[in-house]
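> This one is run17.cif, mmCIF, C-alpha atoms.
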```
data_final
loop_
_atom_site.label_atom_id
_atom_site.label_comp_id
_atom_site.auth_asym_id
_atom_site.auth_seq_id
_atom_site.Cartn_x
_atom_site.Cartn_y
_atom_site.Cartn_z
CA MET A 1 0.00 0.00 0.00
CA ALA A 2 1.32 3.46 -0.91
CA TRP A 3 2.00 6.04 1.72
CA ASN A 4 -0.35 8.57 0.13
CA GLU A 5 -3.31 6.19 0.08
CA PRO A 6 -6.14 6.67 2.59
CA GLY A 7 -5.19 5.41 5.96
CA GLY A 8 -1.56 5.90 5.23
CA ASP A 9 -1.01 7.39 8.67
CA ARG A 10 -0.72 3.86 10.15
CA ASP A 11 2.63 2.41 11.19
CA PRO A 12 3.57 -0.26 8.64
CA TRP A 13 5.92 -2.01 11.18
CA SER A 14 3.83 -2.24 14.28
CA GLY A 15 0.47 -2.72 12.62
CA ARG A 16 -1.09 -0.34 15.15
CA GLY A 17 -3.59 2.13 14.06
CA GLY A 18 -5.85 2.06 11.09
CA ASP A 19 -8.47 -0.49 10.34
CA ASP A 20 -6.33 -3.22 8.68
CA GLN A 21 -4.85 -6.01 10.84
CA GLY A 22 -1.07 -6.36 10.57
CA PRO A 23 1.27 -9.12 11.88
CA PRO A 24 0.78 -9.86 15.67
CA ASP A 25 3.14 -8.41 18.22
CA LEU A 26 5.50 -11.09 19.74
CA ASP A 27 5.42 -9.57 23.22
CA GLU A 28 1.65 -9.57 23.13
CA VAL A 29 1.55 -13.25 22.19
CA VAL A 30 3.87 -14.17 25.07
CA ARG A 31 1.87 -12.08 27.48
CA LYS A 32 -1.41 -13.70 26.49
CA LEU A 33 0.12 -17.18 26.83
CA GLN A 34 1.33 -16.36 30.34
CA GLU A 35 -2.08 -15.08 31.32
CA ARG A 36 -3.77 -18.24 30.07
CA LEU A 37 -1.35 -20.49 31.99
CA SER A 38 -1.81 -18.38 35.08
CA GLY A 39 -5.58 -18.68 34.80
CA LEU A 40 -5.28 -22.41 34.26
CA PHE A 41 -3.36 -22.85 37.55
CA GLY A 42 -5.54 -20.43 39.47
CA GLY A 43 -3.38 -17.30 39.04
CA PRO A 44 -4.44 -13.66 39.48
CA PRO A 45 -7.04 -12.05 37.21
CA ARG A 46 -6.20 -10.90 33.77
CA GLY A 47 -4.17 -7.74 33.73
CA GLU A 48 -3.09 -8.06 37.41
CA GLY A 49 -0.64 -10.95 37.35
CA ARG A 50 2.35 -9.08 36.02
CA GLY A 51 2.02 -6.39 38.52
CA ARG A 52 1.68 -8.76 41.54
CA LEU A 53 4.49 -11.10 40.48
CA GLY A 54 6.60 -8.13 39.65
CA ARG A 55 6.00 -6.86 43.17
CA GLY A 56 7.21 -10.10 44.85
CA GLY A 57 3.93 -12.07 44.99
CA GLN A 58 3.96 -15.86 45.91
CA PRO A 59 3.15 -18.62 43.29
CA ASN A 60 -0.19 -20.42 43.47
CA VAL A 61 -0.43 -23.50 45.82
CA ARG A 62 -2.41 -25.63 43.40
CA MET A 63 0.30 -25.39 40.78
CA ILE A 64 2.94 -26.45 43.31
CA VAL A 65 0.88 -29.42 44.45
CA PHE A 66 0.30 -30.51 40.87
CA ILE A 67 3.98 -30.40 40.05
CA LEU A 68 4.88 -32.25 43.23
CA GLY A 69 2.28 -34.94 42.43
CA ILE A 70 3.79 -35.52 39.01
CA LEU A 71 7.26 -35.77 40.52
CA PHE A 72 6.00 -38.21 43.16
CA ILE A 73 4.46 -40.48 40.51
CA ILE A 74 7.70 -40.44 38.57
CA TRP A 75 9.60 -41.26 41.76
CA LEU A 76 7.33 -44.22 42.50
CA ALA A 77 7.73 -45.48 38.93
CA THR A 78 11.49 -45.67 39.40
CA GLY A 79 10.92 -48.50 41.92
CA ILE A 80 9.80 -50.95 39.23
CA TYR A 81 12.50 -53.46 38.27
CA ILE A 82 12.64 -56.80 36.42
CA VAL A 83 14.75 -59.77 37.52
CA GLU A 84 15.93 -62.10 34.75
CA PRO A 85 15.53 -65.92 35.08
CA ALA A 86 19.24 -66.37 35.78
CA GLU A 87 19.31 -63.60 38.39
CA ARG A 88 18.21 -62.92 41.93
CA GLY A 89 17.37 -59.44 43.28
CA VAL A 90 18.80 -58.48 46.66
CA VAL A 91 16.77 -55.63 48.20
CA MET A 92 18.64 -53.20 50.49
CA ARG A 93 16.66 -50.92 52.85
CA PHE A 94 18.76 -48.01 54.11
CA GLY A 95 21.89 -50.07 53.32
CA ARG A 96 20.75 -53.18 55.20
CA TYR A 97 19.64 -56.48 53.66
CA ALA A 98 15.85 -56.75 53.49
CA ASP A 99 14.78 -59.46 51.02
CA THR A 100 15.73 -61.60 48.02
CA THR A 101 13.41 -61.63 45.01
CA GLY A 102 13.16 -64.20 42.26
CA PRO A 103 12.72 -63.84 38.50
CA GLY A 104 9.97 -61.56 37.21
CA PRO A 105 8.76 -57.96 37.63
CA HIS A 106 8.93 -56.44 41.13
CA TRP A 107 8.60 -53.10 42.88
CA HIS A 108 10.54 -51.64 45.75
CA ILE A 109 10.56 -48.33 47.53
CA PRO A 110 12.74 -46.14 45.33
CA TRP A 111 16.03 -44.58 46.21
CA PRO A 112 17.20 -43.46 48.73
CA ILE A 113 15.04 -45.77 50.89
CA GLU A 114 15.64 -49.05 49.07
CA THR A 115 18.05 -50.23 46.41
CA VAL A 116 18.25 -53.51 44.46
CA ILE A 117 21.40 -55.44 43.56
CA LYS A 118 20.97 -58.07 40.83
CA VAL A 119 23.16 -61.17 41.12
CA ASN A 120 23.57 -63.85 38.41
CA VAL A 121 23.19 -67.22 40.16
CA ASP A 122 23.44 -69.46 37.07
CA GLU A 123 26.84 -68.32 35.90
CA ILE A 124 29.49 -71.05 36.32
CA SER A 125 32.93 -69.90 37.40
CA THR A 126 36.01 -72.11 36.96
CA LEU A 127 39.05 -72.21 39.20
CA THR A 128 42.24 -74.05 38.20
CA HIS A 129 44.67 -75.24 40.85
CA ARG A 130 48.12 -76.83 40.35
CA ALA A 131 50.42 -78.03 43.10
CA ALA A 132 53.14 -80.57 44.00
CA ILE A 133 51.94 -82.44 47.08
CA LEU A 134 53.49 -85.01 49.41
CA THR A 135 51.50 -88.26 49.62
CA ARG A 136 50.96 -90.52 52.60
CA ASP A 137 53.83 -92.84 51.63
CA GLU A 138 56.21 -89.85 51.36
CA ASN A 139 56.17 -89.46 47.56
CA ILE A 140 55.74 -86.22 45.66
CA VAL A 141 53.04 -86.04 43.00
CA GLU A 142 51.98 -83.16 40.76
CA VAL A 143 48.23 -82.55 40.81
CA GLU A 144 46.09 -80.36 38.55
CA LEU A 145 42.37 -79.90 39.01
CA THR A 146 39.57 -77.52 38.07
CA VAL A 147 36.82 -76.48 40.47
CA GLN A 148 33.53 -75.24 39.04
CA SER A 149 31.10 -73.29 41.22
CA ARG A 150 28.09 -70.98 41.10
CA ILE A 151 26.24 -68.70 43.51
CA GLN A 152 23.78 -70.57 45.67
CA ASP A 153 22.70 -67.83 48.11
CA ALA A 154 22.94 -64.27 46.77
CA ALA A 155 22.63 -62.63 50.20
CA ASP A 156 25.44 -64.69 51.73
CA TYR A 157 27.57 -64.12 48.65
CA LEU A 158 27.23 -60.33 48.96
CA PHE A 159 27.35 -59.76 52.73
CA GLN A 160 28.72 -62.77 54.66
CA ASP A 161 32.17 -63.07 53.09
CA GLN A 162 34.32 -60.20 51.91
CA ASP A 163 35.88 -62.14 49.01
CA PRO A 164 34.16 -65.50 48.29
CA GLU A 165 36.38 -66.28 45.26
CA ARG A 166 39.54 -65.93 47.34
CA THR A 167 38.02 -68.08 50.06
CA LEU A 168 37.23 -70.74 47.46
CA ASN A 169 40.80 -70.61 46.18
CA ASP A 170 42.28 -70.98 49.66
CA ALA A 171 39.86 -73.77 50.56
CA THR A 172 40.75 -75.67 47.38
CA ALA A 173 44.47 -75.46 48.10
CA ALA A 174 43.97 -76.67 51.66
CA MET A 175 41.58 -79.49 50.91
CA VAL A 176 43.70 -80.83 48.02
CA ARG A 177 46.66 -81.17 50.35
CA VAL A 178 44.52 -82.89 52.97
CA ALA A 179 43.03 -85.41 50.51
CA ILE A 180 46.31 -86.21 48.74
CA GLY A 181 48.25 -86.32 52.00
CA GLN A 182 45.91 -89.03 53.32
CA SER A 183 46.29 -91.22 50.19
CA LYS A 184 49.12 -93.33 48.85
CA LEU A 185 50.84 -92.65 45.55
CA ASP A 186 49.61 -95.77 43.76
CA PHE A 187 46.06 -95.00 44.77
CA VAL A 188 46.27 -91.44 43.44
CA LEU A 189 47.89 -92.49 40.16
CA THR A 190 45.49 -95.33 39.34
CA GLU A 191 41.93 -96.09 40.35
CA GLY A 192 41.75 -93.63 43.25
CA ARG A 193 41.64 -90.47 41.15
CA SER A 194 37.85 -90.24 41.06
CA VAL A 195 37.59 -91.09 44.75
CA VAL A 196 40.08 -88.35 45.65
CA ALA A 197 38.23 -85.82 43.47
CA MET A 198 34.92 -86.62 45.17
CA SER A 199 36.54 -86.28 48.59
CA ILE A 200 38.00 -82.90 47.64
CA LYS A 201 34.61 -81.66 46.45
CA GLU A 202 32.88 -82.67 49.68
CA ARG A 203 35.58 -81.06 51.82
CA ILE A 204 35.50 -77.78 49.86
CA GLN A 205 31.70 -77.56 50.01
CA ASP A 206 31.73 -78.18 53.75
CA LEU A 207 34.20 -75.34 54.22
CA MET A 208 32.17 -73.01 51.97
CA ASP A 209 29.06 -73.69 54.04
CA ARG A 210 30.89 -73.04 57.29
CA TYR A 211 32.15 -69.67 56.05
CA LYS A 212 28.72 -68.82 54.50
CA THR A 213 30.18 -67.75 51.18
CA GLY A 214 26.97 -68.53 49.30
CA LEU A 215 28.87 -70.62 46.73
CA LEU A 216 27.95 -74.11 45.54
CA VAL A 217 30.72 -76.37 44.21
CA THR A 218 29.20 -78.11 41.19
CA SER A 219 32.14 -80.30 40.11
CA VAL A 220 35.80 -81.05 40.74
CA ASN A 221 37.67 -82.46 37.73
CA MET A 222 41.05 -83.92 38.60
CA GLN A 223 43.55 -84.47 35.81
CA PRO A 224 45.73 -87.61 35.86
CA ALA A 225 48.39 -87.14 38.50
CA LYS A 226 52.00 -87.45 37.43
CA PRO A 227 55.32 -87.65 39.23
CA PRO A 228 57.97 -84.95 39.04
CA GLU A 229 60.16 -84.87 35.95
CA GLN A 230 63.25 -85.88 37.93
CA VAL A 231 61.84 -89.31 38.78
CA LYS A 232 59.50 -89.83 35.82
CA ALA A 233 61.58 -92.69 34.35
CA ALA A 234 61.47 -94.67 37.59
CA PHE A 235 57.73 -94.13 37.87
CA ASP A 236 57.25 -95.32 34.29
CA ASP A 237 59.07 -98.54 35.13
CA ALA A 238 56.94 -98.98 38.21
CA ILE A 239 53.77 -98.43 36.19
CA LYS A 240 54.92 -100.96 33.57
CA ALA A 241 55.62 -103.52 36.29
CA ARG A 242 52.18 -102.88 37.75
CA GLU A 243 50.59 -103.41 34.35
CA ASP A 244 52.51 -106.67 33.91
CA LYS A 245 51.31 -107.76 37.31
CA GLU A 246 47.72 -107.03 36.40
CA ARG A 247 48.11 -108.89 33.10
CA LEU A 248 49.52 -111.97 34.80
CA GLU A 249 46.80 -111.85 37.42
CA ASN A 250 44.17 -111.74 34.69
CA GLN A 251 45.77 -114.72 32.94
CA ALA A 252 45.92 -116.67 36.19
CA GLU A 253 42.30 -115.84 36.89
CA ALA A 254 41.28 -117.00 33.40
CA TYR A 255 43.20 -120.26 33.90
CA ALA A 256 41.58 -120.73 37.29
CA ASN A 257 38.16 -120.13 35.78
CA GLU A 258 38.92 -122.85 33.24
CA VAL A 259 40.42 -125.43 35.61
CA LEU A 260 38.20 -125.01 38.63
CA PRO A 261 34.94 -126.07 36.91
CA ASN A 262 36.61 -129.24 35.62
CA ALA A 263 38.03 -129.98 39.04
CA ARG A 264 34.67 -129.37 40.64
CA GLY A 265 33.02 -131.70 38.12
CA THR A 266 35.58 -134.42 38.77
CA ALA A 267 35.20 -134.00 42.51
CA ALA A 268 31.43 -134.20 42.22
CA ARG A 269 31.70 -137.37 40.13
CA LEU A 270 34.08 -138.97 42.61
CA LEU A 271 31.80 -138.05 45.47
CA ALA A 272 28.85 -139.57 43.63
CA ASP A 273 30.81 -142.79 42.93
CA ALA A 274 31.94 -142.99 46.54
CA LYS A 275 28.39 -142.50 47.72
CA ALA A 276 27.14 -145.19 45.37
CA TYR A 277 29.92 -147.55 46.52
CA ARG A 278 29.07 -146.80 50.14
CA ASP A 279 25.39 -147.45 49.53
CA ARG A 280 26.20 -150.70 47.71
CA LEU A 281 28.44 -151.95 50.52
CA ILE A 282 25.88 -150.98 53.12
CA ALA A 283 23.15 -152.78 51.21
CA ALA A 284 25.35 -155.87 50.76
CA SER A 285 26.32 -155.83 54.41
CA GLU A 286 22.72 -155.48 55.45
CA GLY A 287 21.82 -158.39 53.16
CA GLU A 288 24.61 -160.54 54.55
CA THR A 289 23.56 -159.65 58.05
CA ALA A 290 19.95 -160.53 57.35
CA ARG A 291 20.98 -163.82 55.78
CA PHE A 292 23.29 -164.63 58.71
CA LEU A 293 20.57 -163.86 61.18
CA ALA A 294 18.19 -166.12 59.27
CA VAL A 295 20.76 -168.97 59.32
CA LEU A 296 21.41 -168.29 62.99
CA ASP A 297 17.74 -168.65 63.71
CA GLN A 298 17.66 -171.98 61.89
CA TYR A 299 20.85 -173.09 63.65
CA ARG A 300 19.32 -172.38 67.02
CA ARG A 301 16.35 -174.55 66.11
CA ALA A 302 18.34 -177.47 64.55
CA PRO A 303 22.08 -177.18 65.08
CA GLU A 304 23.18 -180.52 63.57
CA VAL A 305 21.06 -180.24 60.46
CA THR A 306 22.06 -176.67 59.85
CA ARG A 307 25.74 -177.43 60.38
CA GLN A 308 25.63 -180.32 57.90
CA ARG A 309 23.76 -178.25 55.34
CA LEU A 310 26.23 -175.42 55.57
CA TYR A 311 29.13 -177.79 55.18
CA LEU A 312 27.65 -179.38 52.07
CA GLU A 313 26.73 -176.05 50.50
CA THR A 314 30.24 -174.76 51.10
CA LEU A 315 31.86 -177.79 49.51
CA GLN A 316 29.50 -177.57 46.57
CA GLU A 317 30.37 -173.94 46.02
CA VAL A 318 34.10 -174.50 46.28
CA LEU A 319 34.32 -177.70 44.25
CA SER A 320 32.04 -176.40 41.51
CA GLN A 321 34.65 -173.80 40.63
CA ASN A 322 37.60 -176.24 40.72
CA PRO A 323 38.50 -177.84 37.34
CA LYS A 324 40.39 -180.71 39.03
CA VAL A 325 38.90 -184.11 39.73
CA PHE A 326 39.66 -185.79 43.05
CA ILE A 327 39.41 -189.62 43.25
CA ASP A 328 39.38 -191.52 46.47
CA VAL A 329 41.62 -194.61 46.09
CA THR A 330 42.03 -195.42 49.72
CA GLN A 331 39.89 -198.59 49.40
CA GLY A 332 42.27 -200.17 46.89
CA ALA A 333 39.77 -200.16 44.05
CA SER A 334 40.79 -199.26 40.52
CA PRO A 335 38.34 -196.67 39.22
CA LEU A 336 37.58 -196.31 35.55
CA ILE A 337 39.36 -193.34 34.09
CA TYR A 338 37.53 -191.66 31.22
CA LEU A 339 37.99 -188.45 29.24
CA PRO A 340 35.26 -185.84 30.08
CA LEU A 341 34.52 -184.60 26.60
CA ASP A 342 31.56 -182.52 27.70
CA GLN A 343 33.75 -180.56 30.12
CA LEU A 344 36.39 -180.04 27.46
CA MET A 345 33.85 -178.68 24.99
CA LYS A 346 32.41 -176.37 27.63
CA GLN A 347 35.83 -174.95 28.50
CA GLN A 348 36.66 -174.56 24.81
CA ASN A 349 33.46 -172.65 24.16
CA GLN A 350 34.17 -170.34 27.10
CA ALA A 351 37.76 -169.67 26.07
CA LEU A 352 36.96 -169.06 22.39
CA PRO A 353 35.48 -165.51 22.74
CA GLU A 354 38.39 -164.43 24.93
CA ALA A 355 40.91 -165.70 22.37
CA GLN A 356 39.11 -163.88 19.56
CA MET A 357 39.31 -160.58 21.46
CA GLN A 358 43.00 -160.96 22.32
CA ALA A 359 44.38 -162.53 19.11
CA PRO A 360 44.85 -160.35 15.94
CA THR A 361 42.17 -161.15 13.35
CA ALA A 362 43.97 -159.42 10.45
CA ASN A 363 46.35 -162.34 9.90
CA ASN A 364 43.49 -164.91 10.14
CA ALA A 365 45.56 -166.93 12.62
CA PRO A 366 43.82 -170.01 14.01
CA LEU A 367 42.57 -169.72 17.56
CA ALA A 368 44.52 -171.95 19.92
CA MET A 369 42.70 -173.94 22.52
CA PRO A 370 43.70 -172.93 25.99
CA GLU A 371 46.20 -175.32 27.44
CA ARG A 372 44.47 -175.20 30.80
CA ALA A 373 41.23 -176.54 29.29
CA ILE A 374 43.00 -179.60 27.88
CA GLU A 375 45.30 -180.36 30.73
CA SER A 376 42.86 -179.86 33.53
CA PRO A 377 40.92 -183.13 33.06
CA GLN A 378 44.18 -185.10 32.72
CA ARG A 379 45.69 -183.98 35.96
CA PRO A 380 43.55 -186.35 38.11
CA VAL A 381 44.63 -189.24 35.86
CA ASP A 382 48.33 -188.42 36.25
CA ARG A 383 47.89 -188.17 39.97
CA GLU A 384 46.19 -191.58 40.03
CA ARG A 385 49.02 -193.13 38.02
CA ARG A 386 51.59 -191.69 40.37
CA ALA A 387 49.62 -193.00 43.29
CA ARG A 388 49.74 -196.48 41.84
#
```
Re-express the file's structure as structure tokens.

Amino acid sequence: MAWNEPGGDRDPWSGRGGDDQGPPDLDEVVRKLQERLSGLFGGPPRGEGRGRLGRGGQPNVRMIVFILGILFIIWLATGIYIVEPAERGVVMRFGRYADTTGPGPHWHIPWPIETVIKVNVDEISTLTHRAAILTRDENIVEVELTVQSRIQDAADYLFQDQDPERTLNDATAAMVRVAIGQSKLDFVLTEGRSVVAMSIKERIQDLMDRYKTGLLVTSVNMQPAKPPEQVKAAFDDAIKAREDKERLENQAEAYANEVLPNARGTAARLLADAKAYRDRLIAASEGETARFLAVLDQYRRAPEVTRQRLYLETLQEVLSQNPKVFIDVTQGASPLIYLPLDQLMKQQNQALPEAQMQAPTANNAPLAMPERAIESPQRPVDRERRAR
């Protein structure tokens, strides 16, 4: 707009005067905003606030309470905390232990009344210990083992012991010396390694519980013990001799396992035969006894008849097995001597199977008649001739 136009007496910079609206004044905008905020918080009436505040007036109470309420809510919100599954929350109230919280969301009275310390209880820590220790039989052995542990009680771990890791290290060194010092060298080098490791674990855990360190010993892994380098050659020879001994013992045990069953079987068979022989003799003796008692009963009833019968039966039994013929020539008679062909044939038939079993059949050699079978019937004749 030109200066000479109607209404040109207005100030083009301030926009005051005239009928047209110019750009707003920045101070006026700020002033209006302050008045609106003052009215919102219960301030003085419009147009009076600047003068009263400028003269040292006090701020409104409602605005102060509102601001303090917001700050209090924010302060309470700072007490919310979350404990991870592998952690435990230790709550401190004015610097003193108050409680232990598990995994999940929790709330505590915010600082400076209560504070929370989060402790990881699932983390495994490893401690390695090496030492040269004197055994029970006065030998030196080098031992290396690893001790794994984790936090069992977060409160004890934080407040009961000043340095739980150092306590664990010292306890391991002490208990290793105690366990190795009570064992012999051969036991530590061979099958006793696992037993010694278990003993060390139990001793360390007992000491940790007594000192309330809050640590739990999960495992103790003991590496194979070895002798010092200065005497390693001698120990190798001793180990080789021990292995040879074990090998020979195993061979002897295998041989014993093979021989003992056979010996037991033979012994059982001999015992069975002896028992059968005993039973047979007992039965025969009982039979003889019963027969003797029966004869005795008959003898008591008729002594002469029984005595004569026994005499005749005995002679019959004895003479029936004698191949010789006895002839009574005391009366001066001349008996008729004949050749007993039936007896000769019987003896020949009895001797034939025995000759076939003893003589070789491959050469088809003729079976010879036993000389005894032929000569036996002639012996009474020769005796009779000599008697004449």
> Residues picked by the PyMOL selection byres ((chain A and resi 102) around 7) here, as a VMD selection string?
chain A and resid 83 88 to 89 100 to 101 103 to 104
> Selected residues, C-alpha atoms, written as an mmCIF file, in the frame of the given file, please.

```cif
data_model
loop_
_atom_site.group_PDB
_atom_site.id
_atom_site.type_symbol
_atom_site.label_atom_id
_atom_site.label_comp_id
_atom_site.auth_asym_id
_atom_site.auth_seq_id
_atom_site.Cartn_x
_atom_site.Cartn_y
_atom_site.Cartn_z
ATOM 1 C CA VAL A 83 14.750 -59.770 37.520
ATOM 2 C CA ARG A 88 18.210 -62.920 41.930
ATOM 3 C CA GLY A 89 17.370 -59.440 43.280
ATOM 4 C CA THR A 100 15.730 -61.600 48.020
ATOM 5 C CA THR A 101 13.410 -61.630 45.010
ATOM 6 C CA PRO A 103 12.720 -63.840 38.500
ATOM 7 C CA GLY A 104 9.970 -61.560 37.210
#
```
> What does the distance from CA of Glu165 in chain A to CA of Tyr211 in chain A come to in Å, to one decimal?
12.1 Å
> CA of Pro224 in chain A and CA of Glu249 in chain A are how many Å apart?
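Value for the CA of Pro224 in chain A-CA of Glu249 in chain A distance: 24.3 Å.
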> Quick one, how far is CA of Gln350 in chain A from CA of Leu315 in chain A?
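Those two atoms sit 23.7 Å apart.
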> On this file, the PyMOL selection byres ((chain A and resi 105) around 6) gives some set of residues; write that set as a ChimeraX atom specification.
/A:81-82,104,106
